[in-house]
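Text of the file structure28.csv, holding CSV, C-alpha atoms (C1' of nucleotides):
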```csv
chain,number,residue,atom,x,y,z
V,19,MET,CA,0.0,0.0,0.0
V,20,PHE,CA,2.8,2.4,0.8
V,21,ALA,CA,4.4,1.3,-2.4
V,22,ALA,CA,1.2,2.3,-4.2
V,23,LEU,CA,1.3,5.7,-2.7
V,24,GLY,CA,5.0,6.0,-3.3
V,25,ASP,CA,4.8,6.9,-6.9
V,26,GLU,CA,4.5,10.6,-7.7
V,27,THR,CA,1.9,10.1,-10.4
V,28,ARG,CA,-0.3,7.9,-8.3
V,29,LEU,CA,-0.1,10.2,-5.3
V,30,ALA,CA,-1.2,13.0,-7.6
V,31,LEU,CA,-4.1,10.9,-8.7
V,32,VAL,CA,-5.1,10.3,-5.1
V,33,ALA,CA,-4.9,14.0,-4.4
V,34,ARG,CA,-7.1,14.9,-7.4
V,35,LEU,CA,-9.7,12.3,-6.5
V,36,SER,CA,-9.7,13.6,-3.0
V,37,SER,CA,-10.3,17.2,-3.9
V,38,GLN,CA,-12.5,16.8,-7.0
V,39,GLY,CA,-14.4,13.6,-6.2
V,40,PRO,CA,-15.0,10.7,-8.7
V,41,LEU,CA,-13.5,11.2,-12.1
V,42,SER,CA,-13.3,9.2,-15.4
V,43,ILE,CA,-10.0,8.0,-16.8
V,44,THR,CA,-9.9,10.5,-19.6
V,45,ARG,CA,-10.6,13.4,-17.2
V,46,LEU,CA,-7.8,12.2,-14.9
V,47,ALA,CA,-5.5,11.8,-17.9
V,48,ALA,CA,-6.3,15.3,-19.1
V,49,GLY,CA,-4.8,16.8,-16.0
V,50,SER,CA,-1.7,14.7,-16.1
V,51,ALA,CA,1.6,14.8,-17.9
V,52,VAL,CA,1.5,11.1,-19.0
V,53,THR,CA,-0.6,9.1,-21.3
V,54,ARG,CA,-4.1,7.8,-20.6
V,55,GLN,CA,-2.7,4.2,-20.7
V,56,ALA,CA,-0.2,5.1,-18.0
V,57,ILE,CA,-3.1,6.5,-15.9
V,58,THR,CA,-5.1,3.3,-16.4
V,59,LYS,CA,-2.2,1.2,-15.1
V,60,HIS,CA,-1.6,3.4,-12.1
V,61,LEU,CA,-5.3,3.2,-11.3
V,62,ASN,CA,-5.1,-0.5,-11.4
V,63,VAL,CA,-2.2,-0.5,-9.0
V,64,LEU,CA,-4.1,1.8,-6.6
V,65,ALA,CA,-7.1,-0.6,-6.9
V,66,THR,CA,-5.0,-3.6,-6.1
V,67,ALA,CA,-3.8,-1.8,-3.0
V,68,GLY,CA,-7.5,-1.1,-2.2
V,69,LEU,CA,-7.1,2.6,-2.3
V,70,VAL,CA,-9.5,3.3,-5.1
V,71,SER,CA,-12.5,1.6,-6.7
V,72,ASP,CA,-14.2,1.9,-10.0
V,73,MET,CA,-17.7,1.7,-11.4
V,74,ARG,CA,-19.0,1.6,-15.0
V,75,ARG,CA,-21.2,4.4,-16.2
V,76,GLY,CA,-22.1,4.1,-19.8
V,77,ARG,CA,-18.9,4.0,-21.9
V,78,GLU,CA,-16.8,5.6,-19.2
V,79,ARG,CA,-15.3,4.2,-16.1
V,80,ILE,CA,-15.5,6.3,-13.0
V,81,TRP,CA,-12.9,6.1,-10.3
V,82,GLU,CA,-13.2,7.1,-6.7
V,83,LEU,CA,-11.3,7.1,-3.5
V,84,GLU,CA,-11.6,4.3,-0.9
V,85,PRO,CA,-10.8,6.1,2.3
V,86,GLU,CA,-10.8,3.0,4.6
V,87,GLN,CA,-7.5,1.9,3.3
V,88,MET,CA,-6.0,5.3,3.9
V,89,GLU,CA,-7.3,5.0,7.4
V,90,ALA,CA,-5.5,1.7,7.7
V,91,ALA,CA,-2.2,3.4,6.6
V,92,ARG,CA,-2.8,6.1,9.2
V,93,THR,CA,-3.4,3.5,11.9
V,94,TYR,CA,-0.3,1.7,11.0
V,95,LEU,CA,1.8,4.8,11.3
V,96,GLU,CA,0.2,5.6,14.5
V,97,HIS,CA,1.0,2.1,15.8
V,98,VAL,CA,4.7,2.4,14.8
V,99,SER,CA,4.9,5.8,16.3
V,100,LYS,CA,3.5,4.6,19.6
V,101,ARG,CA,5.8,1.6,19.8
V,102,TRP,CA,8.7,3.9,19.2
V,103,ASP,CA,7.7,6.1,22.1
V,104,GLU,CA,7.5,3.0,24.3
V,105,ALA,CA,10.9,1.8,23.2
V,106,LEU,CA,12.3,5.2,24.0
V,107,ASP,CA,10.8,5.0,27.5
V,108,ARG,CA,12.2,1.6,28.1
V,109,LEU,CA,15.6,2.7,27.0
V,110,LYS,CA,15.4,5.8,29.2
V,111,LYS,CA,14.5,3.8,32.3
V,112,PHE,CA,17.2,1.2,31.5
V,113,VAL,CA,19.8,4.0,31.3
V,114,GLU,CA,18.7,5.6,34.5
V,115,GLU,CA,18.9,2.4,36.5
R,29,MET,CA,8.6,9.5,1.8
R,30,PHE,CA,5.8,7.0,0.9
R,31,ALA,CA,8.2,5.6,-1.6
R,32,ALA,CA,10.7,5.1,1.2
R,33,LEU,CA,8.1,3.2,3.2
R,34,GLY,CA,6.9,1.3,0.1
R,35,ASP,CA,9.8,-1.2,0.1
R,36,GLU,CA,9.2,-4.3,2.2
R,37,THR,CA,12.7,-4.5,3.6
R,38,ARG,CA,12.6,-0.8,4.6
R,39,LEU,CA,9.3,-1.1,6.2
R,40,ALA,CA,10.6,-4.0,8.2
R,41,LEU,CA,13.5,-1.9,9.3
R,42,VAL,CA,11.2,0.8,10.5
R,43,ALA,CA,9.2,-1.8,12.4
R,44,ARG,CA,12.2,-3.2,14.1
R,45,LEU,CA,13.5,0.2,15.0
R,46,SER,CA,10.1,1.1,16.4
R,47,SER,CA,9.9,-2.0,18.6
R,48,GLN,CA,13.5,-2.4,19.6
R,49,GLY,CA,14.9,1.1,19.7
R,50,PRO,CA,18.2,2.2,18.3
R,51,LEU,CA,20.3,-0.5,16.6
R,52,SER,CA,23.5,-0.8,14.7
R,53,ILE,CA,23.8,-1.8,11.1
R,54,THR,CA,25.2,-5.2,11.8
R,55,ARG,CA,22.4,-5.9,14.3
R,56,LEU,CA,19.8,-4.8,11.8
R,57,ALA,CA,21.4,-6.9,9.1
R,58,ALA,CA,21.5,-10.0,11.4
R,59,GLY,CA,17.7,-10.1,11.5
R,60,SER,CA,17.2,-9.6,7.8
R,61,ALA,CA,17.4,-11.9,4.8
R,62,VAL,CA,19.6,-9.6,2.8
R,63,THR,CA,23.2,-8.4,3.0
R,64,ARG,CA,24.5,-5.7,5.4
R,65,GLN,CA,25.3,-3.6,2.3
R,66,ALA,CA,21.7,-3.7,1.2
R,67,ILE,CA,20.6,-2.7,4.7
R,68,THR,CA,23.0,0.2,4.6
R,69,LYS,CA,21.5,1.4,1.3
R,70,HIS,CA,18.0,1.1,2.7
R,71,LEU,CA,18.9,3.1,5.8
R,72,ASN,CA,20.3,5.8,3.6
R,73,VAL,CA,17.1,5.9,1.6
R,74,LEU,CA,15.1,6.2,4.8
R,75,ALA,CA,17.5,8.9,6.0
R,76,THR,CA,17.0,10.9,2.8
R,77,ALA,CA,13.2,10.7,3.5
R,78,GLY,CA,13.9,12.0,7.0
R,79,LEU,CA,12.5,8.9,8.6
R,80,VAL,CA,15.6,7.8,10.4
R,81,SER,CA,18.8,9.4,11.7
R,82,ASP,CA,22.2,8.0,12.6
R,83,MET,CA,24.9,8.7,15.2
R,84,ARG,CA,28.4,7.4,15.6
R,85,ARG,CA,29.3,5.4,18.7
R,86,GLY,CA,32.8,4.1,18.5
R,87,ARG,CA,33.2,1.9,15.5
R,88,GLU,CA,29.5,1.4,15.0
R,89,ARG,CA,26.8,3.5,13.6
R,90,ILE,CA,23.5,3.5,15.5
R,91,TRP,CA,20.3,4.2,13.7
R,92,GLU,CA,17.1,5.4,15.3
R,93,LEU,CA,13.6,6.4,14.2
R,94,GLU,CA,12.6,10.0,13.5
R,95,PRO,CA,9.0,10.0,14.4
R,96,GLU,CA,8.2,13.5,13.2
R,97,GLN,CA,8.3,12.5,9.6
R,98,MET,CA,6.0,9.6,10.3
R,99,GLU,CA,3.7,12.2,11.9
R,100,ALA,CA,3.9,14.2,8.7
R,101,ALA,CA,2.8,11.2,6.7
R,102,ARG,CA,-0.1,10.6,9.0
R,103,THR,CA,-1.1,14.2,8.8
R,104,TYR,CA,-1.1,14.0,5.0
R,105,LEU,CA,-3.3,11.0,4.9
R,106,GLU,CA,-5.6,12.7,7.3
R,107,HIS,CA,-5.7,15.7,5.1
R,108,VAL,CA,-6.6,13.7,2.0
R,109,SER,CA,-9.2,11.8,3.8
R,110,LYS,CA,-10.8,15.0,5.0
R,111,ARG,CA,-10.9,16.6,1.6
R,112,TRP,CA,-12.4,13.4,0.2
R,113,ASP,CA,-15.2,13.6,2.7
R,114,GLU,CA,-15.8,17.2,1.7
R,115,ALA,CA,-15.8,16.3,-1.9
R,116,LEU,CA,-18.4,13.6,-1.2
R,117,ASP,CA,-20.6,16.1,0.6
R,118,ARG,CA,-20.4,18.6,-2.2
R,119,LEU,CA,-21.3,15.9,-4.7
R,120,LYS,CA,-24.2,14.7,-2.5
R,121,LYS,CA,-25.7,18.2,-2.3
R,122,PHE,CA,-25.2,18.8,-6.0
R,123,VAL,CA,-27.1,15.6,-6.8
R,124,GLU,CA,-29.9,16.5,-4.4
R,125,GLU,CA,-30.5,19.9,-5.9
S,15,DA,C1',-25.7,3.4,-39.8
S,16,DA,C1',-21.7,6.2,-39.0
S,17,DG,C1',-18.7,9.2,-36.8
S,18,DA,C1',-17.0,10.4,-32.4
S,19,DT,C1',-15.8,9.5,-27.7
S,20,DA,C1',-14.1,6.3,-24.0
S,21,DT,C1',-11.8,2.5,-22.9
S,22,DG,C1',-9.3,-2.1,-23.3
S,23,DC,C1',-5.4,-5.1,-24.8
S,24,DA,C1',-0.7,-6.3,-26.1
S,25,DA,C1',4.0,-5.7,-27.3
S,26,DT,C1',8.0,-3.1,-26.6
S,27,DT,C1',11.5,0.0,-24.6
S,28,DC,C1',14.3,2.0,-21.1
S,29,DG,C1',15.9,3.5,-16.7
S,30,DC,C1',16.2,2.8,-12.0
S,31,DC,C1',16.4,0.0,-7.9
S,32,DG,C1',17.5,-3.7,-5.0
S,33,DG,C1',21.0,-6.8,-4.3
S,34,DT,C1',25.6,-8.9,-4.3
S,35,DT,C1',30.7,-9.2,-4.3
S,36,DG,C1',35.3,-7.7,-3.3
S,37,DC,C1',38.2,-4.9,-1.1
S,38,DA,C1',39.6,-0.8,1.8
S,39,DT,C1',39.4,1.7,6.3
S,40,DC,C1',38.6,2.5,11.0
S,41,DT,C1',38.1,1.2,15.9
S,42,DC,C1',38.4,-1.7,19.9
S,43,DC,C1',40.9,-4.9,22.8
S,44,DA,C1',44.2,-8.3,24.5
P,26,DT,C1',51.0,-3.9,17.9
P,27,DG,C1',48.0,-7.2,15.7
P,28,DG,C1',43.8,-9.4,15.0
P,29,DA,C1',39.0,-9.2,15.1
P,30,DG,C1',34.8,-6.7,14.5
P,31,DA,C1',32.1,-2.8,12.2
P,32,DT,C1',31.6,0.0,8.6
P,33,DG,C1',32.6,2.4,4.0
P,34,DC,C1',33.3,2.5,-1.1
P,35,DA,C1',32.7,1.1,-5.8
P,36,DA,C1',31.6,-1.7,-9.6
P,37,DC,C1',28.4,-4.7,-11.5
P,38,DC,C1',24.1,-7.3,-12.7
P,39,DG,C1',19.3,-8.7,-13.3
P,40,DG,C1',14.6,-7.6,-13.2
P,41,DC,C1',10.7,-4.9,-12.6
P,42,DG,C1',8.0,-1.0,-13.3
P,43,DA,C1',6.7,3.2,-15.7
P,44,DA,C1',5.6,4.8,-20.0
P,45,DT,C1',4.7,4.8,-24.9
P,46,DT,C1',2.6,3.2,-29.3
P,47,DG,C1',-0.6,0.8,-32.2
P,48,DC,C1',-4.7,-1.3,-32.8
P,49,DA,C1',-9.2,-3.3,-31.2
P,50,DT,C1',-13.7,-2.9,-28.9
P,51,DA,C1',-17.6,-0.7,-26.9
P,52,DT,C1',-20.9,3.0,-26.3
P,53,DC,C1',-23.1,7.3,-27.3
P,54,DT,C1',-25.3,10.6,-30.5
P,55,DT,C1',-27.3,12.3,-34.6
```

As structure tokens, what does this structure read like?
Amino acid sequence: MFAALGDETRLALVARLSSQGPLSITRLAAGSAVTRQAITKHLNVLATAGLVSDMRRGRERIWELEPEQMEAARTYLEHVSKRWDEALDRLKKFVEE
Amino acid sequence: MFAALGDETRLALVARLSSQGPLSITRLAAGSAVTRQAITKHLNVLATAGLVSDMRRGRERIWELEPEQMEAARTYLEHVSKRWDEALDRLKKFVEE
DNA sequence: AAGATATGCAATTCGCCGGTTGCATCTCCA
DNA sequence: TGGAGATGCAACCGGCGAATTGCATATCTT
């Protein structure tokens, strides 16, 4: 999942979807420097990571954010941060003794 | 920064540093499947992203977590999540009108 | 039906990244 | 001082991922 967010183009896609809501592939490609095909591939990567989902509407395919996965990433970082603080505390106590 | 966290080996390093506190390169390499050299490179990548920092102690080099950057990542995800909710609200209102 | 719009599929190219190996350097300790 | 342990430096390799191109397919509109 972090790997999915780690690409500049994909992070930009997430940002756009977050600020502009659901968009079609062509619309997303219009605002980007790369080809529509590249965008499609990136969207698939994001989908595999569970960060976006798609739905068909006529001839177009609409993509939208899936905020639960982002929440999962946040939770993970929070977890790591917390454990780090605990480790620091243990170390501090150990040194003091 | 997400790119830095996006590699499995690096994420494992972050996890270990978070649970065990500051560690030397050799110690970190001992618990990993890859070479010490690989670990060194990964640590440098993490350092460039501001996620870890190092200090010399005798002949060894101790690495520790830099939780502020992790906090930044969390904040970013929070931001995106929030904007997404707002976008959804706008969309909902627009449809209702 | 026919043109236009939106997307899908496949093959290909190219650069970067993760990993290794070999050797040099530095520091600790007996 | 000399050996062992910890790290640094540099060259090299293999594969994967990002991107493009060309063409096929589906859907809308008139």

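Note that the spacing between CA of Arg44 (chain R) and CA of Ala101 (chain R) amounts to 18.7 Å.
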
Please list, as a list of chain:residue names, the residues that have an atom at most 12 Å away from (-25.6, 13.4, -28.4) in the coordinates of this file, counting only C-alpha atoms (C1' of nucleotides).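 The residues near that point, listed by chain and number, are S:DG17, S:DA18, S:DT19, P:DT52, P:DC53, P:DT54, P:DT55.
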
Select from chain R every residue with an atom at most 6 Å from any atom of chain V, then for each give the shortest pair of atoms and their distance in Å to one decimal, using all atoms listed in the file, rows by chain and rising number, as a tab-separated table.
```
residue	atom	partner	partner_atom	distance
R:Phe30	CA	V:Gly24	CA	4.4
R:Ala31	CA	V:Gly24	CA	3.6
R:Leu33	CA	V:Phe20	CA	5.9
R:Gly34	CA	V:Ala21	CA	3.5
R:Ser46	CA	V:Trp102	CA	4.2
R:Ser47	CA	V:Arg101	CA	5.6
R:Gly49	CA	V:Ala105	CA	5.4
R:Arg102	CA	V:Arg92	CA	5.3
R:Val108	CA	V:Ser36	CA	5.9
R:Arg111	CA	V:Ser37	CA	5.6
R:Trp112	CA	V:Ser36	CA	4.2
R:Ala115	CA	V:Gly39	CA	5.3
```

Would you tabulate, counting all atoms listed in the file, all residues of chain P that have an atom at most 12 Å from an atom of chain V, showing the closest pair of atoms and their distance in Å to one decimal, sorted by chain then ascending number, as a tab-separated table?
```
residue	atom	partner	partner_atom	distance
P:DG42	C1'	V:Lys59	CA	10.6
P:DA43	C1'	V:Ala56	CA	7.5
P:DA44	C1'	V:Ala56	CA	6.1
P:DT45	C1'	V:Thr53	CA	7.7
P:DT46	C1'	V:Gln55	CA	10.2
P:DT50	C1'	V:Arg77	CA	11.1
P:DA51	C1'	V:Arg77	CA	7.0
P:DT52	C1'	V:Arg77	CA	4.9
P:DC53	C1'	V:Arg77	CA	7.6
```

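Selected on chain S by distance to chain R: DC31, DG32, DG33, DT34, DT35, DT39, DC40, DT41 and DC42 of chain S (within 12 Å, counting all atoms listed in the file).
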
Straight-line distance linking C1' of DA35 (chain P) with CA of Arg64 (chain R), stated in Å to one decimal: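 Those two atoms sit 15.5 Å apart.
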